[in-house]
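Step one of this worksheet: look at the structure below.
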Amino acid sequence: MIEMKDVTKYYGNFRALDGISFSVQGGEILGLLGPNGAGKTTAMRILTCFLPATTGTVTVDGFDVFEDSMDVRRRLGYLPETPPVYPEMTVRSYLNFVADIREVPAKDCRRRVDTVIERTGLVDHQMRVIGTLSKGYRQRVGLAQALVHDPAVLILDEPTVGLDPNQIIEIRNLIKDLSKDHTVILSTHILSEVSMTCKRVVIINEGRIVAEDSVENLERQGGAATSFRIGLRPASLDWKACFTGTEGVKVEGEQNDGPVVRFNLSLPDHAAYDGVFKATVAKGHVFTEITPARASLEEVFLRLTRSEENGNGNGDANGEGGKAA
């Protein structure tokens with residue numbers, strides 16, 4: 001559905017994007033994750049035809065964003081970080097206006113507006129002036145305008161920034177529901193939004209992609225492969241000697257649960273695994289649980305972005321989120 005290939009963007013001599021490439025399949029929710037200033041908004045603006053790439057190609061449903069921009073725009077719904085609403089208009093009149101400029105046929109306009117009002121939970125607020133709505137409901141209006149022409153692709157840039165916890169949950173659930181009928185790119189620097197909403201993640205930092213994988217695989221590969229949650233039924237009181245006798249092995253967070261002791265076990269490397277576990281079993285101790293620990297997405301994110309920052313100085317011009325980039 002979407003393919004971005006070898007895209008570079010310069011602002012004068014400043015390189016905001018450095019040859020990024022990724023693709024999104026139909027019906028997928030892709031998280032575009034990165035710290036503020038990483039290049040996310042520049043990538044979104046190129047994808048939505050607001051900015052031309054310096055080099056590289058971007059296609060949406062087979063249409064090139066530069067050569068076929070009108071065809072691309074018909075297939076995109078875009079919610080920027082600040083919803084593009086007119087605060088003096090009512091919700092319904094605003095959506096009627098957007099439907100008109102989005103070239104929704106007159107015979108279908110009322111049906112489409114009714115549909116998006118219901119789907120975004122605005123039925124009881126459709127006659128209210130937008131400027132009187134809470135930020136959470138203005139975000140809903142922003143989503144409704146992005147949906148009114150029934151696009152194949154939704155581009156959401158920081159859709160939960162500034163919302164309270166209840167509003168965040170509501171918008172998150174709405175995005176999940178929308179993914180049943182739309183391909184979604186969710187750009188954010190909030191890691192919990194990605195782990196709770198997206199199946200696959202592209203992490204961008206300093207204008208370059210530093211990781212691309214499923215959330216599950218990123219957590220699994222995040223450097224915690226030699227950490228385990230252990231449940232052990234000891235055969236004797238000196239069970240800890242089986243672990244602490246090996247250099248670099250750590251036992252932490254010990255808890256007694258009846259006849260079973262539970263703790264976190266860290267090994268210096270994979271090579272230590274067999275020796276430690278065989279020695280423990282040989283002493284008559286019984287393992288009741290061996291659960292590999294997974295690094296949190298936060299840990300993966302910090303590891304990857306810090307590594308890039310130490311080696312490269314690119315980024316998004318003047319930061320992100322409604323600024324010069």
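Simple scheme: letters A, B, ... for chains in structure tokens order, numbers from 1 for residues in each chain, numbers from 1 for ligands in the order shown.
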
Give me the residues near Ala271 of chain A as a list of chain:residue names, where near means some atom within 12 Å (using only C-alpha atoms) and where sequence neighbours in that chain fewer than 3 positions away do not count. A:Ala225, A:Thr226, A:Thr246, A:Gly248, A:Val249, A:Leu267, A:Pro268, A:Asp274, A:Gly275, A:Val276, A:Phe277

May I have the residues from that selection written out with N, CA, C and O atoms, as a PDB file, in the first residue's frame?
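Output below, filename out_9.pdb:
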```
ATOM      1  N   ALA A 225      18.403 -11.129  26.436  1.00  0.00           N
ATOM      2  CA  ALA A 225      18.336 -12.558  26.147  1.00  0.00           C
ATOM      3  C   ALA A 225      19.025 -13.407  27.206  1.00  0.00           C
ATOM      4  O   ALA A 225      18.785 -14.602  27.300  1.00  0.00           O
ATOM      5  N   THR A 226      19.913 -12.833  28.013  1.00  0.00           N
ATOM      6  CA  THR A 226      20.603 -13.601  29.034  1.00  0.00           C
ATOM      7  C   THR A 226      20.053 -13.305  30.429  1.00  0.00           C
ATOM      8  O   THR A 226      20.730 -13.514  31.424  1.00  0.00           O
ATOM      9  N   THR A 246      29.613 -18.753  39.817  1.00  0.00           N
ATOM     10  CA  THR A 246      30.102 -18.462  38.461  1.00  0.00           C
ATOM     11  C   THR A 246      30.274 -16.959  38.290  1.00  0.00           C
ATOM     12  O   THR A 246      29.366 -16.183  38.605  1.00  0.00           O
ATOM     13  N   GLY A 248      30.201 -13.296  37.111  1.00  0.00           N
ATOM     14  CA  GLY A 248      29.302 -12.524  36.269  1.00  0.00           C
ATOM     15  C   GLY A 248      27.842 -12.880  36.400  1.00  0.00           C
ATOM     16  O   GLY A 248      26.982 -12.213  35.828  1.00  0.00           O
ATOM     17  N   VAL A 249      27.515 -13.930  37.162  1.00  0.00           N
ATOM     18  CA  VAL A 249      26.121 -14.326  37.355  1.00  0.00           C
ATOM     19  C   VAL A 249      25.544 -13.556  38.534  1.00  0.00           C
ATOM     20  O   VAL A 249      26.169 -13.463  39.592  1.00  0.00           O
ATOM     21  N   LEU A 267      22.901 -13.624  33.414  1.00  0.00           N
ATOM     22  CA  LEU A 267      24.124 -14.339  33.044  1.00  0.00           C
ATOM     23  C   LEU A 267      25.034 -13.411  32.248  1.00  0.00           C
ATOM     24  O   LEU A 267      24.549 -12.534  31.528  1.00  0.00           O
ATOM     25  N   PRO A 268      26.343 -13.605  32.342  1.00  0.00           N
ATOM     26  CA  PRO A 268      27.259 -12.714  31.621  1.00  0.00           C
ATOM     27  C   PRO A 268      27.185 -12.886  30.111  1.00  0.00           C
ATOM     28  O   PRO A 268      27.434 -11.954  29.359  1.00  0.00           O
ATOM     29  N   ASP A 274      24.435 -23.194  29.951  1.00  0.00           N
ATOM     30  CA  ASP A 274      24.442 -24.639  30.167  1.00  0.00           C
ATOM     31  C   ASP A 274      25.101 -25.020  31.486  1.00  0.00           C
ATOM     32  O   ASP A 274      24.576 -25.852  32.246  1.00  0.00           O
ATOM     33  N   GLY A 275      26.261 -24.397  31.767  1.00  0.00           N
ATOM     34  CA  GLY A 275      26.983 -24.752  32.983  1.00  0.00           C
ATOM     35  C   GLY A 275      26.191 -24.471  34.240  1.00  0.00           C
ATOM     36  O   GLY A 275      26.106 -25.314  35.151  1.00  0.00           O
ATOM     37  N   VAL A 276      25.575 -23.297  34.310  1.00  0.00           N
ATOM     38  CA  VAL A 276      24.822 -22.906  35.496  1.00  0.00           C
ATOM     39  C   VAL A 276      23.615 -23.810  35.701  1.00  0.00           C
ATOM     40  O   VAL A 276      23.357 -24.311  36.803  1.00  0.00           O
ATOM     41  N   PHE A 277      22.880 -24.066  34.643  1.00  0.00           N
ATOM     42  CA  PHE A 277      21.659 -24.849  34.789  1.00  0.00           C
ATOM     43  C   PHE A 277      21.958 -26.328  35.050  1.00  0.00           C
ATOM     44  O   PHE A 277      21.270 -26.977  35.852  1.00  0.00           O
TER      45      PHE A 277
END
```

Strand (DSSP E or B) positions in segment 59-116 of chain A, given as a ChimeraX atom specification: /A:59-60,63-64,76-79,90

Nearest candidate to Ile230 of chain A (options A:Val300, A:Val123, A:Leu33, A:Val260; using only C-alpha atoms):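 Of all the options, A:Val260 lies closest to Ile230 of chain A.
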
Each residue of segment 195-277 of chain A with at least one atom at most 12 Å from segment 183-187 of chain A should appear once, together with its nearest atom pair and the corresponding distance in Å (one decimal); atoms considered: only C-alpha atoms; ordering: chain, then increasing residue number; output as CSV.
```
residue,atom,partner,partner_atom,distance
A:Ser195,CA,A:Leu186,CA,11.5
A:Met196,CA,A:Leu186,CA,11.7
A:Thr197,CA,A:Leu186,CA,8.8
A:Cys198,CA,A:Leu186,CA,8.0
A:Lys199,CA,A:Val184,CA,11.0
A:Arg200,CA,A:Ile185,CA,10.1
A:Val201,CA,A:Leu186,CA,9.5
A:Val202,CA,A:Ser187,CA,9.6
A:Ile203,CA,A:Ser187,CA,10.0
A:Ile204,CA,A:Ser187,CA,10.3
```

Produce a file of the selected residues containing C-alpha atoms, as an mmCIF file, in the first residue's frame.
```cif
data_model
loop_
_atom_site.group_PDB
_atom_site.id
_atom_site.type_symbol
_atom_site.label_atom_id
_atom_site.label_comp_id
_atom_site.auth_asym_id
_atom_site.auth_seq_id
_atom_site.Cartn_x
_atom_site.Cartn_y
_atom_site.Cartn_z
ATOM 1 C CA SER A 195 3.426 -1.026 22.103
ATOM 2 C CA MET A 196 -0.325 -0.731 22.767
ATOM 3 C CA THR A 197 -1.447 0.050 19.224
ATOM 4 C CA CYS A 198 1.008 -1.130 16.570
ATOM 5 C CA LYS A 199 2.147 -4.539 15.405
ATOM 6 C CA ARG A 200 5.248 -3.309 13.598
ATOM 7 C CA VAL A 201 7.641 -0.454 14.310
ATOM 8 C CA VAL A 202 10.095 1.631 12.332
ATOM 9 C CA ILE A 203 12.461 3.481 14.677
ATOM 10 C CA ILE A 204 13.978 6.609 13.166
#
```

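The two atoms in question, atom CA of Arg229 of chain A and atom CA of Arg262 of chain A, are spaced 7.3 Å apart.
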
With 8 Å as the cut-off and only C-alpha atoms counted, what is the closest atom pair between each nearby residue of segment 167-232 of chain A and segment 2-23 of chain A? Distances in Å to one decimal, ordered by chain and number, as a Markdown table.
```
| residue | atom | partner | partner_atom | distance |
| --- | --- | --- | --- | --- |
| A:Val202 | CA | A:Phe22 | CA | 7.8 |
| A:Glu206 | CA | A:Ala16 | CA | 7.5 |
| A:Gly207 | CA | A:Leu17 | CA | 4.1 |
| A:Arg208 | CA | A:Asp18 | CA | 5.4 |
| A:Ile209 | CA | A:Ile20 | CA | 6.0 |
```

Restricting the output to N, CA and C atoms, write the selected residues as a PDB file, in the first residue's frame.
```pdb
ATOM      1  N   VAL A 202       8.890   1.095  12.950  1.00  0.00           N
ATOM      2  CA  VAL A 202      10.095   1.631  12.332  1.00  0.00           C
ATOM      3  C   VAL A 202      10.620   2.696  13.285  1.00  0.00           C
ATOM      4  N   GLU A 206      17.907  10.717  14.098  1.00  0.00           N
ATOM      5  CA  GLU A 206      18.877  11.514  13.346  1.00  0.00           C
ATOM      6  C   GLU A 206      18.674  11.362  11.836  1.00  0.00           C
ATOM      7  N   GLY A 207      17.402  11.215  11.416  1.00  0.00           N
ATOM      8  CA  GLY A 207      17.086  11.145   9.999  1.00  0.00           C
ATOM      9  C   GLY A 207      17.329   9.806   9.357  1.00  0.00           C
ATOM     10  N   ARG A 208      17.657   8.785  10.171  1.00  0.00           N
ATOM     11  CA  ARG A 208      17.935   7.465   9.609  1.00  0.00           C
ATOM     12  C   ARG A 208      17.140   6.399  10.345  1.00  0.00           C
ATOM     13  N   ILE A 209      16.809   5.322   9.643  1.00  0.00           N
ATOM     14  CA  ILE A 209      16.120   4.203  10.277  1.00  0.00           C
ATOM     15  C   ILE A 209      17.152   3.359  11.015  1.00  0.00           C
TER      16      ILE A 209
END
```

Helix (DSSP H, G or I) residues, from DSSP on the backbone, in segment 38-123 of chain A, as JSON, numbers by chain: {"A": [40, 41, 42, 43, 44, 45, 46, 47, 69, 70, 71, 72, 73, 74, 91, 92, 93, 94, 95, 96, 97, 98, 99, 100, 101, 106, 107, 108, 109, 110, 111, 112, 113, 114, 115, 116, 117, 118, 119, 123]}

Next, the residues of the selection above should be written as an mmCIF file, in the first residue's frame with C-alpha atoms.
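Output (again-v2.cif):
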```
data_model
loop_
_atom_site.group_PDB
_atom_site.id
_atom_site.type_symbol
_atom_site.label_atom_id
_atom_site.label_comp_id
_atom_site.auth_asym_id
_atom_site.auth_seq_id
_atom_site.Cartn_x
_atom_site.Cartn_y
_atom_site.Cartn_z
ATOM 1 C CA LYS A 40 9.289 11.755 11.641
ATOM 2 C CA THR A 41 7.290 14.828 10.682
ATOM 3 C CA THR A 42 9.456 15.488 7.631
ATOM 4 C CA ALA A 43 8.801 11.898 6.501
ATOM 5 C CA MET A 44 5.061 12.337 7.079
ATOM 6 C CA ARG A 45 4.965 15.596 5.129
ATOM 7 C CA ILE A 46 6.731 14.025 2.179
ATOM 8 C CA LEU A 47 4.335 11.089 2.300
ATOM 9 C CA SER A 69 -0.066 13.948 -5.997
ATOM 10 C CA MET A 70 -3.810 14.449 -6.518
ATOM 11 C CA ASP A 71 -4.376 10.692 -6.780
ATOM 12 C CA VAL A 72 -2.315 10.193 -3.625
ATOM 13 C CA ARG A 73 -4.218 12.889 -1.711
ATOM 14 C CA ARG A 74 -7.544 11.225 -2.574
ATOM 15 C CA VAL A 91 -18.662 19.967 14.122
ATOM 16 C CA ARG A 92 -21.207 19.069 11.438
ATOM 17 C CA SER A 93 -20.766 22.219 9.365
ATOM 18 C CA TYR A 94 -16.997 21.766 9.444
ATOM 19 C CA LEU A 95 -17.232 18.153 8.300
ATOM 20 C CA ASN A 96 -19.641 19.154 5.533
ATOM 21 C CA PHE A 97 -17.070 21.719 4.422
ATOM 22 C CA VAL A 98 -14.234 19.154 4.438
ATOM 23 C CA ALA A 99 -16.374 16.646 2.532
ATOM 24 C CA ASP A 100 -16.973 19.290 -0.125
ATOM 25 C CA ILE A 101 -13.306 20.181 -0.610
ATOM 26 C CA ALA A 106 -23.169 15.501 -3.084
ATOM 27 C CA LYS A 107 -25.408 12.433 -2.982
ATOM 28 C CA ASP A 108 -22.992 10.709 -0.577
ATOM 29 C CA CYS A 109 -22.035 13.702 1.569
ATOM 30 C CA ARG A 110 -24.670 13.366 4.282
ATOM 31 C CA ARG A 111 -24.103 9.630 4.604
ATOM 32 C CA ARG A 112 -20.319 10.025 4.899
ATOM 33 C CA VAL A 113 -20.595 12.810 7.484
ATOM 34 C CA ASP A 114 -23.104 10.787 9.504
ATOM 35 C CA THR A 115 -20.816 7.757 9.333
ATOM 36 C CA VAL A 116 -17.683 9.504 10.594
ATOM 37 C CA ILE A 117 -19.607 11.384 13.289
ATOM 38 C CA GLU A 118 -20.910 8.099 14.637
ATOM 39 C CA ARG A 119 -17.627 6.256 14.299
ATOM 40 C CA VAL A 123 -23.052 12.182 17.749
#
```

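Atom CA of Asp61 of chain A lies 23.7 Å from atom CA of Leu174 of chain A.
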
Separation of atom CA of Leu237 of chain A and atom CA of Gly284 of chain A, in Å? 11.6 Å

I need the residue nearest Met1 of chain A from this list: A:Ile175, A:Val261, A:Leu32, A:Leu76. Use only C-alpha atoms for the distance.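 Between A:Ile175, A:Val261, A:Leu32, A:Leu76, the residue approaching Met1 of chain A most closely is A:Leu76.
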
Spatial neighbours of Gly27 of chain A, 7 Å, only C-alpha atoms, chain gap at least 5 places, as a ChimeraX atom specification: /A:179-183

Residues of the last selection are to be written out with N, CA and C atoms, as an mmCIF file, in the first residue's frame.
```cif
data_model
loop_
_atom_site.group_PDB
_atom_site.id
_atom_site.type_symbol
_atom_site.label_atom_id
_atom_site.label_comp_id
_atom_site.auth_asym_id
_atom_site.auth_seq_id
_atom_site.Cartn_x
_atom_site.Cartn_y
_atom_site.Cartn_z
ATOM 1 N N SER A 179 -8.333 0.629 12.088
ATOM 2 C CA SER A 179 -7.416 -0.214 11.322
ATOM 3 C C SER A 179 -8.119 -1.394 10.656
ATOM 4 N N LYS A 180 -9.359 -1.661 11.047
ATOM 5 C CA LYS A 180 -10.112 -2.736 10.394
ATOM 6 C C LYS A 180 -10.401 -2.405 8.935
ATOM 7 N N ASP A 181 -10.476 -1.109 8.626
ATOM 8 C CA ASP A 181 -10.839 -0.680 7.277
ATOM 9 C C ASP A 181 -9.788 0.188 6.606
ATOM 10 N N HIS A 182 -8.721 0.535 7.328
ATOM 11 C CA HIS A 182 -7.738 1.470 6.785
ATOM 12 C C HIS A 182 -6.332 1.006 7.137
ATOM 13 N N THR A 183 -5.389 1.327 6.272
ATOM 14 C CA THR A 183 -3.977 1.193 6.601
ATOM 15 C C THR A 183 -3.577 2.432 7.396
#
```

Please provide the set of residues having any atom within 12 Å of Asn166 of chain A, restricted to only C-alpha atoms, with same-chain residues fewer than 4 positions apart removed, written as a PyMOL selection string. chain A and resi 135-137+160+162+170-173

Mind writing the picked residues with C-alpha atoms as a PDB file, in the first residue's frame?
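Saved file selection31.pdb follows:
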```pdb
ATOM      1  CA  LYS A 135      -8.891  18.771  23.372  1.00  0.00           C
ATOM      2  CA  GLY A 136      -9.884  15.103  23.280  1.00  0.00           C
ATOM      3  CA  TYR A 137     -13.005  15.884  21.282  1.00  0.00           C
ATOM      4  CA  THR A 160      -2.453  11.624  21.645  1.00  0.00           C
ATOM      5  CA  GLY A 162      -1.532  16.627  25.338  1.00  0.00           C
ATOM      6  CA  GLU A 170     -10.329   6.483  23.931  1.00  0.00           C
ATOM      7  CA  ILE A 171      -8.240   7.654  20.953  1.00  0.00           C
ATOM      8  CA  ARG A 172      -6.085   4.510  21.101  1.00  0.00           C
ATOM      9  CA  ASN A 173      -9.154   2.263  20.955  1.00  0.00           C
TER      10      ASN A 173
END
```
